[in-house]
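A.B. asks: Input coords34.pdb, format and content: PDB, C-alpha atoms and all ligand atoms.
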ATOM      1  CA  MET A   1       6.414 -17.925   0.864
ATOM      2  CA  HIS A   2       3.335 -17.543   2.993
ATOM      3  CA  ILE A   3       1.034 -14.525   3.498
ATOM      4  CA  ARG A   4      -0.701 -13.797   6.793
ATOM      5  CA  PRO A   5      -1.797 -10.854   8.978
ATOM      6  CA  GLU A   6       1.015  -9.168  10.899
ATOM      7  CA  ALA A   7       1.873 -10.333  14.403
ATOM      8  CA  GLU A   8       3.680  -8.252  17.010
ATOM      9  CA  ALA A   9       6.916 -10.163  16.460
ATOM     10  CA  ASP A  10       6.865  -9.102  12.781
ATOM     11  CA  ILE A  11       7.181  -5.385  13.557
ATOM     12  CA  PRO A  12      11.018  -5.127  13.244
ATOM     13  CA  GLY A  13      10.875  -7.176  10.033
ATOM     14  CA  ILE A  14       8.159  -4.941   8.576
ATOM     15  CA  ARG A  15      10.294  -1.887   9.322
ATOM     16  CA  ARG A  16      13.326  -3.473   7.639
ATOM     17  CA  VAL A  17      11.397  -4.500   4.526
ATOM     18  CA  ASN A  18      10.048  -0.960   4.080
ATOM     19  CA  VAL A  19      13.416   0.691   4.738
ATOM     20  CA  GLU A  20      15.253  -1.578   2.283
ATOM     21  CA  ALA A  21      12.606  -1.621  -0.447
ATOM     22  CA  PHE A  22      12.289   2.176  -0.557
ATOM     23  CA  ALA A  23      15.987   3.009   0.008
ATOM     24  CA  ASN A  24      16.626   3.917  -3.640
ATOM     25  CA  HIS A  25      13.085   4.623  -4.741
ATOM     26  CA  PRO A  26      12.963   7.831  -6.827
ATOM     27  CA  PHE A  27       9.647   9.141  -5.430
ATOM     28  CA  SER A  28      10.146   8.078  -1.827
ATOM     29  CA  ARG A  29      10.961  10.327   1.108
ATOM     30  CA  GLN A  30      12.079   7.156   2.930
ATOM     31  CA  THR A  31       9.253   7.551   5.424
ATOM     32  CA  GLU A  32       7.295   4.401   4.508
ATOM     33  CA  HIS A  33       8.395   2.461   7.614
ATOM     34  CA  LEU A  34       7.356   5.470   9.727
ATOM     35  CA  ILE A  35       3.997   5.697   7.943
ATOM     36  CA  VAL A  36       3.259   2.072   8.787
ATOM     37  CA  GLU A  37       4.234   2.621  12.417
ATOM     38  CA  GLU A  38       2.205   5.801  12.670
ATOM     39  CA  LEU A  39      -0.844   4.097  11.142
ATOM     40  CA  ARG A  40      -0.468   1.273  13.652
ATOM     41  CA  ARG A  41      -0.111   3.702  16.553
ATOM     42  CA  ALA A  42      -3.222   5.583  15.410
ATOM     43  CA  GLY A  43      -5.269   2.392  15.114
ATOM     44  CA  ALA A  44      -5.594   3.042  11.383
ATOM     45  CA  LEU A  45      -3.731   0.033  10.059
ATOM     46  CA  SER A  46      -6.946  -1.587   8.861
ATOM     47  CA  VAL A  47      -5.163  -4.478   7.166
ATOM     48  CA  SER A  48      -1.473  -5.298   7.497
ATOM     49  CA  LEU A  49      -0.223  -8.432   5.787
ATOM     50  CA  VAL A  50       3.248  -9.927   5.770
ATOM     51  CA  ALA A  51       4.848 -12.335   3.336
ATOM     52  CA  VAL A  52       7.137 -14.639   5.289
ATOM     53  CA  ASP A  53       9.790 -17.078   4.131
ATOM     54  CA  GLU A  54      10.108 -20.642   5.358
ATOM     55  CA  ASP A  55      12.028 -19.495   8.447
ATOM     56  CA  GLY A  56       9.282 -17.037   9.345
ATOM     57  CA  GLY A  57      11.297 -13.970   8.299
ATOM     58  CA  VAL A  58       9.336 -11.052   6.849
ATOM     59  CA  VAL A  59      10.168 -10.590   3.149
ATOM     60  CA  GLY A  60       7.226  -8.437   2.108
ATOM     61  CA  HIS A  61       4.519  -6.241   3.559
ATOM     62  CA  ILE A  62       1.359  -4.389   2.546
ATOM     63  CA  ALA A  63      -0.744  -1.906   4.492
ATOM     64  CA  PHE A  64      -4.320  -0.688   3.978
ATOM     65  CA  SER A  65      -5.823   2.282   5.785
ATOM     66  CA  PRO A  66      -9.030   4.332   5.769
ATOM     67  CA  MET A  67      -9.197   7.215   3.319
ATOM     68  CA  LYS A  68     -11.431  10.208   2.763
ATOM     69  CA  ILE A  69     -13.011  11.700  -0.338
ATOM     70  CA  ASP A  70     -13.580  15.455  -0.253
ATOM     71  CA  GLY A  71     -12.858  15.331   3.465
ATOM     72  CA  ARG A  72     -15.523  12.737   4.263
ATOM     73  CA  GLU A  73     -15.124   9.124   5.385
ATOM     74  CA  CYS A  74     -15.793   6.751   2.512
ATOM     75  CA  SER A  75     -16.054   3.062   1.793
ATOM     76  CA  LEU A  76     -12.799   2.927  -0.159
ATOM     77  CA  MET A  77      -9.478   2.028   1.400
ATOM     78  CA  MET A  78      -6.029   3.365   0.688
ATOM     79  CA  VAL A  79      -3.477   0.781  -0.455
ATOM     80  CA  GLY A  80       0.118   1.064   0.679
ATOM     81  CA  PRO A  81       2.880   1.169   1.431
ATOM     82  CA  LEU A  82       3.732  -2.078  -0.376
ATOM     83  CA  ALA A  83       7.273  -3.396  -0.116
ATOM     84  CA  VAL A  84       9.289  -6.512  -0.921
ATOM     85  CA  LEU A  85      12.948  -7.040   0.012
ATOM     86  CA  PRO A  86      15.012  -5.984  -3.030
ATOM     87  CA  HIS A  87      16.756  -9.326  -3.593
ATOM     88  CA  LEU A  88      13.418 -11.148  -3.555
ATOM     89  CA  GLN A  89      11.532  -8.916  -5.983
ATOM     90  CA  ARG A  90      10.088 -10.160  -9.292
ATOM     91  CA  GLN A  91       9.051 -13.506  -7.868
ATOM     92  CA  GLY A  92       5.370 -12.748  -7.485
ATOM     93  CA  THR A  93       5.415 -11.730  -3.803
ATOM     94  CA  GLY A  94       4.255  -8.145  -4.341
ATOM     95  CA  SER A  95       1.354  -9.264  -6.533
ATOM     96  CA  ALA A  96       0.382 -11.967  -4.040
ATOM     97  CA  LEU A  97       0.341  -9.408  -1.203
ATOM     98  CA  VAL A  98      -1.909  -7.088  -3.217
ATOM     99  CA  ARG A  99      -4.332  -9.890  -4.103
ATOM    100  CA  ALA A 100      -4.521 -11.153  -0.506
ATOM    101  CA  GLY A 101      -5.012  -7.604   0.764
ATOM    102  CA  LEU A 102      -7.821  -6.918  -1.702
ATOM    103  CA  GLU A 103      -9.609 -10.053  -0.535
ATOM    104  CA  ALA A 104      -9.199  -8.981   3.096
ATOM    105  CA  ILE A 105     -10.566  -5.456   2.652
ATOM    106  CA  ARG A 106     -13.409  -6.692   0.493
ATOM    107  CA  ALA A 107     -14.376  -9.117   3.242
ATOM    108  CA  MET A 108     -14.356  -6.147   5.643
ATOM    109  CA  GLY A 109     -16.921  -4.365   3.476
ATOM    110  CA  ALA A 110     -14.743  -1.985   1.481
ATOM    111  CA  GLU A 111     -16.306  -1.029  -1.845
ATOM    112  CA  GLY A 112     -12.968  -0.498  -3.504
ATOM    113  CA  CYS A 113      -9.583   1.020  -2.976
ATOM    114  CA  ALA A 114      -7.222   3.612  -4.324
ATOM    115  CA  LEU A 115      -3.520   4.331  -4.321
ATOM    116  CA  VAL A 116      -0.752   6.452  -5.676
ATOM    117  CA  GLY A 117       1.642   4.196  -7.528
ATOM    118  CA  ASP A 118       3.214   2.777 -10.649
ATOM    119  CA  PRO A 119       0.516   2.116 -13.275
ATOM    120  CA  ALA A 120       2.633  -0.598 -14.941
ATOM    121  CA  PHE A 121       2.593  -2.691 -11.773
ATOM    122  CA  TYR A 122      -0.950  -2.051 -10.546
ATOM    123  CA  THR A 123      -2.913  -2.230 -13.805
ATOM    124  CA  ARG A 124      -1.723  -5.845 -14.136
ATOM    125  CA  LEU A 125      -3.641  -6.490 -10.929
ATOM    126  CA  GLY A 126      -6.905  -4.917 -12.109
ATOM    127  CA  PHE A 127      -6.440  -1.326 -10.983
ATOM    128  CA  VAL A 128      -7.539   1.365 -13.392
ATOM    129  CA  ASN A 129      -6.235   4.830 -13.884
ATOM    130  CA  THR A 130      -9.246   6.973 -13.098
ATOM    131  CA  GLU A 131     -10.181  10.570 -13.734
ATOM    132  CA  ALA A 132     -12.798  10.298 -10.982
ATOM    133  CA  LEU A 133     -10.327  10.615  -8.135
ATOM    134  CA  ARG A 134      -7.644  13.230  -7.713
ATOM    135  CA  MET A 135      -5.040  14.080  -5.181
ATOM    136  CA  GLU A 136      -3.420  17.423  -4.664
ATOM    137  CA  GLY A 137       0.096  17.545  -6.089
ATOM    138  CA  VAL A 138      -0.073  14.069  -7.642
ATOM    139  CA  PRO A 139       0.010  13.642 -11.448
ATOM    140  CA  GLN A 140      -3.228  11.967 -12.549
ATOM    141  CA  GLN A 141      -1.448   9.018 -14.169
ATOM    142  CA  TYR A 142      -0.304   7.757 -10.761
ATOM    143  CA  ILE A 143      -3.788   7.670  -9.263
ATOM    144  CA  LEU A 144      -5.146   4.163  -9.518
ATOM    145  CA  ALA A 145      -8.317   2.656  -8.182
ATOM    146  CA  MET A 146     -10.532  -0.382  -8.093
ATOM    147  CA  PHE A 147     -14.302  -0.134  -7.554
ATOM    148  CA  TRP A 148     -16.418  -3.135  -6.608
ATOM    149  CA  SER A 149     -19.767  -1.430  -6.149
ATOM    150  CA  GLY A 150     -20.165  -0.848  -9.877
ATOM    151  CA  GLN A 151     -20.179   2.872  -9.248
ATOM    152  CA  GLU A 152     -17.102   5.027  -9.386
ATOM    153  CA  MET A 153     -16.720   7.457  -6.534
ATOM    154  CA  CYS A 154     -15.323  10.810  -7.389
ATOM    155  CA  GLY A 155     -13.574  13.613  -5.635
ATOM    156  CA  SER A 156     -10.370  14.527  -3.959
ATOM    157  CA  ILE A 157      -8.632  11.732  -2.055
ATOM    158  CA  GLY A 158      -7.237  12.318   1.389
ATOM    159  CA  HIS A 159      -5.036   9.774   3.054
ATOM    160  CA  HIS A 160      -4.564   9.323   6.786
ATOM    161  CA  PRO A 161      -2.422  12.029   8.465
ATOM    162  CA  ALA A 162       0.159   9.287   9.170
ATOM    163  CA  PHE A 163       1.265   9.665   5.532
ATOM    164  CA  ASN A 164       2.530  13.146   6.354
ATOM    165  CA  VAL A 165       5.058  11.887   8.900
ATOM    166  CA  GLN A 166       8.414  13.667   8.677
ATOM    167  CA  PRO A 167      11.635  11.791   7.813
ATOM    168  CA  GLU A 168      13.736  10.695  10.827
TER     169      GLU A 168
HETATM  170  C1  LIG B 201       6.668  -2.846  -6.229
HETATM  171  C2  LIG B 201       7.089  -4.137  -5.506
HETATM  172  C3  LIG B 201       6.369  -4.224  -4.180
HETATM  173  C4  LIG B 201       6.705  -5.310  -6.378
HETATM  174  O1  LIG B 201       7.023  -6.500  -5.656
HETATM  175  P1  LIG B 201       7.479  -7.822  -6.430
HETATM  176  O2  LIG B 201       7.472  -8.944  -5.440
HETATM  177  O3  LIG B 201       8.705  -7.564  -7.190
HETATM  178  O4  LIG B 201       6.249  -7.974  -7.410
HETATM  179  P2  LIG B 201       6.006  -9.128  -8.465
HETATM  180  O5  LIG B 201       7.071 -10.154  -8.437
HETATM  181  O6  LIG B 201       4.617  -9.549  -8.236
HETATM  182  O7  LIG B 201       6.243  -8.284  -9.771
HETATM  183  C5  LIG B 201       5.358  -8.121 -10.724
HETATM  184  C6  LIG B 201       5.855  -7.069 -11.720
HETATM  185  O8  LIG B 201       6.224  -5.870 -11.079
HETATM  186  C7  LIG B 201       7.249  -5.250 -11.856
HETATM  187  N1  LIG B 201       8.431  -5.101 -10.999
HETATM  188  C8  LIG B 201       8.658  -5.685  -9.817
HETATM  189  N2  LIG B 201       9.823  -5.291  -9.305
HETATM  190  C9  LIG B 201      10.361  -4.429 -10.188
HETATM  191  C10 LIG B 201      11.553  -3.682 -10.204
HETATM  192  N3  LIG B 201      12.455  -3.732  -9.204
HETATM  193  N4  LIG B 201      11.786  -2.895 -11.271
HETATM  194  C11 LIG B 201      10.883  -2.832 -12.273
HETATM  195  N5  LIG B 201       9.736  -3.538 -12.306
HETATM  196  C12 LIG B 201       9.472  -4.305 -11.274
HETATM  197  C13 LIG B 201       7.529  -6.129 -13.026
HETATM  198  O9  LIG B 201       6.721  -5.710 -14.096
HETATM  199  C14 LIG B 201       7.068  -7.455 -12.527
HETATM  200  O10 LIG B 201       6.673  -8.319 -13.535
HETATM  201  P3  LIG B 201       7.758  -9.124 -14.413
HETATM  202  O11 LIG B 201       8.750  -9.699 -13.433
HETATM  203  O12 LIG B 201       6.899 -10.140 -15.083
HETATM  204  O13 LIG B 201       8.344  -8.111 -15.327
HETATM  205  C15 LIG B 201       8.614  -4.179  -5.271
HETATM  206  O14 LIG B 201       9.264  -3.985  -6.513
HETATM  207  C16 LIG B 201       9.114  -3.137  -4.292
HETATM  208  O15 LIG B 201       9.131  -3.352  -3.068
HETATM  209  N6  LIG B 201       9.544  -1.998  -4.827
HETATM  210  C17 LIG B 201      10.052  -0.897  -4.015
HETATM  211  C18 LIG B 201       8.952  -0.257  -3.241
HETATM  212  C19 LIG B 201       7.797   0.173  -4.119
HETATM  213  O16 LIG B 201       7.991   0.729  -5.187
HETATM  214  N7  LIG B 201       6.566  -0.086  -3.626
HETATM  215  C20 LIG B 201       5.347   0.243  -4.340
HETATM  216  C21 LIG B 201       5.045   1.686  -4.185
HETATM  217  S1  LIG B 201       3.587   2.078  -5.087
END
Could I get this file's structure written as structure tokens?
C.D. replies:
Amino acid sequence: MHIRPEAEADIPGIRRVNVEAFANHPFSRQTEHLIVEELRRAGALSVSLVAVDEDGGVVGHIAFSPMKIDGRECSLMMVGPLAVLPHLQRQGTGSALVRAGLEAIRAMGAEGCALVGDPAFYTRLGFVNTEALRMEGVPQQYILAMFWSGQEMCGSIGHHPAFNVQPE
């Protein structure tokens, strides 16, 4: 398994990984593949990494995009969607994608990142459940963040409009 930035030829594989990974996910509207495509179309896919197998097939994917706090641009990035093909989960691929993505956004100057996700998975990777950030309609326990500047930013998180894409 190898992790690298997406290439154009990976696009169908990225779609498939997102469709399959989120097919039975309880909190998903099954729009994750559309979110990634909409972010790409809008030029807002700041970092997009694929995990590929030895034949070059996409088995995992992670996206990062700009986010706002209280309606203003900020130096944090939004993490997600993150997806690994169901039959290849629990082999470290998801964690490796997160770690590689964090390195990439940090190198780009991000001062941290935030996401809505499963605390059990993300706290293992250094994310903390924070009271500083909130998101309308999202229970606080699912809001996770990582701050590198030593200073927590606070306010209401807004993700890119691509996250509001309607199901097909
Ligand atoms: C979340 C996801 C990306 C993790 O990818 P992964 O390659 O399985 O991640 P890792 O192998 O690094 O797993 C690390 C830990 O995640 C948890 N985990 C991973 N897959 C899991 C699953 N299907 N069910 C429950 N826990 C799971 C486990 O705690 C696992 O550690 P363990 O195997 O020591 O118990 C993957 O399960 C997935 O695509 N899920 C569906 C989509 C999704 O939920 N995306 C994240 C939205 S926030």
A.B. asks: Here's the selection I'm unsure about, the PyMOL selection byres (((not hetatm)) within 7 of (chain B and resi 201)); applied to the file above, which residues does it give, as a PyMOL selection string?
C.D. replies: chain A and resi 21-22+25+80-86+88-96+116-118+120-121
A.B. asks: Keeping C-alpha atoms for every residue in the selection just given, could you write it to a file as a short mmCIF file (atom, residue, chain, number, x, y, z; two decimals), in the frame of the given file?
C.D. replies:
data_model
loop_
_atom_site.label_atom_id
_atom_site.label_comp_id
_atom_site.auth_asym_id
_atom_site.auth_seq_id
_atom_site.Cartn_x
_atom_site.Cartn_y
_atom_site.Cartn_z
CA ALA A 21 12.61 -1.62 -0.45
CA PHE A 22 12.29 2.18 -0.56
CA HIS A 25 13.08 4.62 -4.74
CA GLY A 80 0.12 1.06 0.68
CA PRO A 81 2.88 1.17 1.43
CA LEU A 82 3.73 -2.08 -0.38
CA ALA A 83 7.27 -3.40 -0.12
CA VAL A 84 9.29 -6.51 -0.92
CA LEU A 85 12.95 -7.04 0.01
CA PRO A 86 15.01 -5.98 -3.03
CA LEU A 88 13.42 -11.15 -3.56
CA GLN A 89 11.53 -8.92 -5.98
CA ARG A 90 10.09 -10.16 -9.29
CA GLN A 91 9.05 -13.51 -7.87
CA GLY A 92 5.37 -12.75 -7.48
CA THR A 93 5.42 -11.73 -3.80
CA GLY A 94 4.26 -8.14 -4.34
CA SER A 95 1.35 -9.26 -6.53
CA ALA A 96 0.38 -11.97 -4.04
CA VAL A 116 -0.75 6.45 -5.68
CA GLY A 117 1.64 4.20 -7.53
CA ASP A 118 3.21 2.78 -10.65
CA ALA A 120 2.63 -0.60 -14.94
CA PHE A 121 2.59 -2.69 -11.77
#
A.B. asks: To verify the selection step, state as a list in words which residues the PyMOL selection byres (((chain A and resi 152-168) around 6) and not hetatm) yields on this input.
C.D. replies: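 Against this file, the PyMOL selection byres (((chain A and resi 152-168) around 6) and not hetatm) returns the residues Thr31, Ile35, Glu38, Leu39, Met67, Lys68, Ile69, Asp70, Ala132, Leu133, Arg134, Met135 and Gln151 of chain A.
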A.B. asks: Just write the chosen residues, C-alpha atoms, as an mmCIF file, in the coordinates of the input.
C.D. replies:
data_model
loop_
_atom_site.group_PDB
_atom_site.id
_atom_site.type_symbol
_atom_site.label_atom_id
_atom_site.label_comp_id
_atom_site.auth_asym_id
_atom_site.auth_seq_id
_atom_site.Cartn_x
_atom_site.Cartn_y
_atom_site.Cartn_z
ATOM 1 C CA THR A 31 9.253 7.551 5.424
ATOM 2 C CA ILE A 35 3.997 5.697 7.943
ATOM 3 C CA GLU A 38 2.205 5.801 12.670
ATOM 4 C CA LEU A 39 -0.844 4.097 11.142
ATOM 5 C CA MET A 67 -9.197 7.215 3.319
ATOM 6 C CA LYS A 68 -11.431 10.208 2.763
ATOM 7 C CA ILE A 69 -13.011 11.700 -0.338
ATOM 8 C CA ASP A 70 -13.580 15.455 -0.253
ATOM 9 C CA ALA A 132 -12.798 10.298 -10.982
ATOM 10 C CA LEU A 133 -10.327 10.615 -8.135
ATOM 11 C CA ARG A 134 -7.644 13.230 -7.713
ATOM 12 C CA MET A 135 -5.040 14.080 -5.181
ATOM 13 C CA GLN A 151 -20.179 2.872 -9.248
#
A.B. asks: Report, in Å with one decimal, the straight-line distance from atom CA of A:Gly71 to atom CA of A:Thr123.
C.D. replies: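 Computing it gives 26.6 Å between the two atoms.
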A.B. asks: May I ask for the distance between atom CA of A:Val58 and atom CA of A:Gly112, given in Å to one decimal place?
C.D. replies: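 Going from atom CA of A:Val58 over to atom CA of A:Gly112 covers 26.8 Å.
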A.B. asks: If we count all atoms listed in the file and set the cut-off at 8 Å, which residues sit around stretch 100-105 of chain A, ignoring sequence neighbours fewer than 5 positions away in its own chain? Please answer as a list in words.
C.D. replies: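 Surrounding residues, per the criterion: Ile3, Val47, Ser48, Leu49, Ile62, Phe64, Met77 and Ala110 of chain A.
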A.B. asks: Quick one: pull the distance between atom CA of A:Val19 and atom CA of A:Pro5, Å, one decimal.
C.D. replies: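 Calculated distance between atom CA of A:Val19 and atom CA of A:Pro5 is 19.6 Å.
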A.B. asks: With 8 Å on each side, where is the centre of the axis-aligned box around all listed atoms of stretch 110-119 of chain A, and how long are its edges in Å to one decimal, as lines of an AutoDock Vina configuration file?
C.D. replies:
center_x = -6.5
center_y = 2.2
center_z = -5.9
size_x = 35.5
size_y = 24.4
size_z = 30.8
A.B. asks: Give me, as a list in words, all polymer residues having an atom no more than 12 Å from stretch 53-57 of chain A, counting only C-alpha atoms and skipping those fewer than 3 positions away in the same chain.
C.D. replies: Met1, His2, Ile3, Arg4, Glu6, Ala7, Ala9, Asp10, Ile11, Pro12, Gly13, Ile14, Arg16, Val17, Val50, Gly60, His61, Val84, Leu85, Leu88 and Thr93 of chain A
A.B. asks: Please produce a file of those selected residues containing C-alpha atoms, as an mmCIF file, in the coordinates of the input.
C.D. replies:
data_model
loop_
_atom_site.group_PDB
_atom_site.id
_atom_site.type_symbol
_atom_site.label_atom_id
_atom_site.label_comp_id
_atom_site.auth_asym_id
_atom_site.auth_seq_id
_atom_site.Cartn_x
_atom_site.Cartn_y
_atom_site.Cartn_z
ATOM 1 C CA MET A 1 6.414 -17.925 0.864
ATOM 2 C CA HIS A 2 3.335 -17.543 2.993
ATOM 3 C CA ILE A 3 1.034 -14.525 3.498
ATOM 4 C CA ARG A 4 -0.701 -13.797 6.793
ATOM 5 C CA GLU A 6 1.015 -9.168 10.899
ATOM 6 C CA ALA A 7 1.873 -10.333 14.403
ATOM 7 C CA ALA A 9 6.916 -10.163 16.460
ATOM 8 C CA ASP A 10 6.865 -9.102 12.781
ATOM 9 C CA ILE A 11 7.181 -5.385 13.557
ATOM 10 C CA PRO A 12 11.018 -5.127 13.244
ATOM 11 C CA GLY A 13 10.875 -7.176 10.033
ATOM 12 C CA ILE A 14 8.159 -4.941 8.576
ATOM 13 C CA ARG A 16 13.326 -3.473 7.639
ATOM 14 C CA VAL A 17 11.397 -4.500 4.526
ATOM 15 C CA VAL A 50 3.248 -9.927 5.770
ATOM 16 C CA GLY A 60 7.226 -8.437 2.108
ATOM 17 C CA HIS A 61 4.519 -6.241 3.559
ATOM 18 C CA VAL A 84 9.289 -6.512 -0.921
ATOM 19 C CA LEU A 85 12.948 -7.040 0.012
ATOM 20 C CA LEU A 88 13.418 -11.148 -3.555
ATOM 21 C CA THR A 93 5.415 -11.730 -3.803
#
A.B. asks: Name all residues at most 7 Å from A:His33 (count all atoms listed in the file; drop same-chain ones fewer than 4 positions away) and give them as JSON, numbers by chain.
C.D. replies: {"A": [15, 18, 19, 37]}
A.B. asks: Pick from A:Met108, A:Ala42, A:Leu97, A:Cys74: nearest to A:Tyr122, with only C-alpha atoms counted?
C.D. replies: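 Going through A:Met108, A:Ala42, A:Leu97, A:Cys74 one by one, the smallest distance to A:Tyr122 is for A:Leu97.
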A.B. asks: Please complete stretch 38-46 of chain A with all heavy atoms and give it back as a compact mmCIF listing (two decimals), in the frame of the given file.
C.D. replies:
# COMPACT_ATOMS: atom_id res chain seq x y z
N GLU A 38 3.14 4.75 12.26
CA GLU A 38 2.20 5.80 12.67
C GLU A 38 0.76 5.34 12.47
O GLU A 38 -0.11 5.61 13.32
CB GLU A 38 2.52 7.04 11.83
CG GLU A 38 2.06 8.37 12.35
CD GLU A 38 2.43 8.66 13.80
OE1 GLU A 38 3.50 8.23 14.27
OE2 GLU A 38 1.63 9.33 14.46
N LEU A 39 0.50 4.65 11.36
CA LEU A 39 -0.84 4.10 11.14
C LEU A 39 -1.19 3.11 12.26
O LEU A 39 -2.30 3.13 12.81
CB LEU A 39 -0.92 3.36 9.79
CG LEU A 39 -0.96 4.22 8.52
CD1 LEU A 39 -0.79 3.34 7.28
CD2 LEU A 39 -2.28 5.00 8.43
N ARG A 40 -0.22 2.28 12.61
CA ARG A 40 -0.47 1.27 13.65
C ARG A 40 -0.77 1.97 14.98
O ARG A 40 -1.71 1.63 15.69
CB ARG A 40 0.75 0.35 13.77
CG ARG A 40 0.52 -0.85 14.68
CD ARG A 40 1.76 -1.69 14.84
NE ARG A 40 2.17 -2.41 13.65
CZ ARG A 40 3.30 -2.14 12.96
NH1 ARG A 40 4.13 -1.20 13.36
NH2 ARG A 40 3.60 -2.85 11.90
N ARG A 41 0.05 2.98 15.29
CA ARG A 41 -0.11 3.70 16.55
C ARG A 41 -1.49 4.37 16.62
O ARG A 41 -2.12 4.44 17.67
CB ARG A 41 1.00 4.76 16.67
CG ARG A 41 1.21 5.32 18.05
CD ARG A 41 2.11 6.54 18.02
NE ARG A 41 1.61 7.58 17.12
CZ ARG A 41 0.58 8.36 17.36
NH1 ARG A 41 -0.08 8.26 18.48
NH2 ARG A 41 0.18 9.25 16.47
N ALA A 42 -1.94 4.87 15.46
CA ALA A 42 -3.22 5.58 15.41
C ALA A 42 -4.42 4.64 15.31
O ALA A 42 -5.56 5.09 15.23
CB ALA A 42 -3.21 6.54 14.22
N GLY A 43 -4.16 3.35 15.26
CA GLY A 43 -5.27 2.39 15.11
C GLY A 43 -5.87 2.44 13.72
O GLY A 43 -7.03 2.10 13.52
N ALA A 44 -5.08 2.87 12.74
CA ALA A 44 -5.59 3.04 11.38
C ALA A 44 -4.97 2.05 10.39
O ALA A 44 -5.11 2.22 9.18
CB ALA A 44 -5.34 4.47 10.92
N LEU A 45 -4.29 1.07 10.93
CA LEU A 45 -3.73 0.03 10.06
C LEU A 45 -4.82 -1.03 9.90
O LEU A 45 -4.85 -2.04 10.59
CB LEU A 45 -2.46 -0.52 10.72
CG LEU A 45 -1.44 -1.28 9.90
CD1 LEU A 45 -1.11 -0.57 8.60
CD2 LEU A 45 -0.18 -1.49 10.73
N SER A 46 -5.74 -0.75 8.97
CA SER A 46 -6.95 -1.59 8.86
C SER A 46 -6.59 -3.02 8.48
O SER A 46 -7.17 -3.97 8.99
CB SER A 46 -7.88 -1.01 7.80
OG SER A 46 -8.07 0.36 8.02
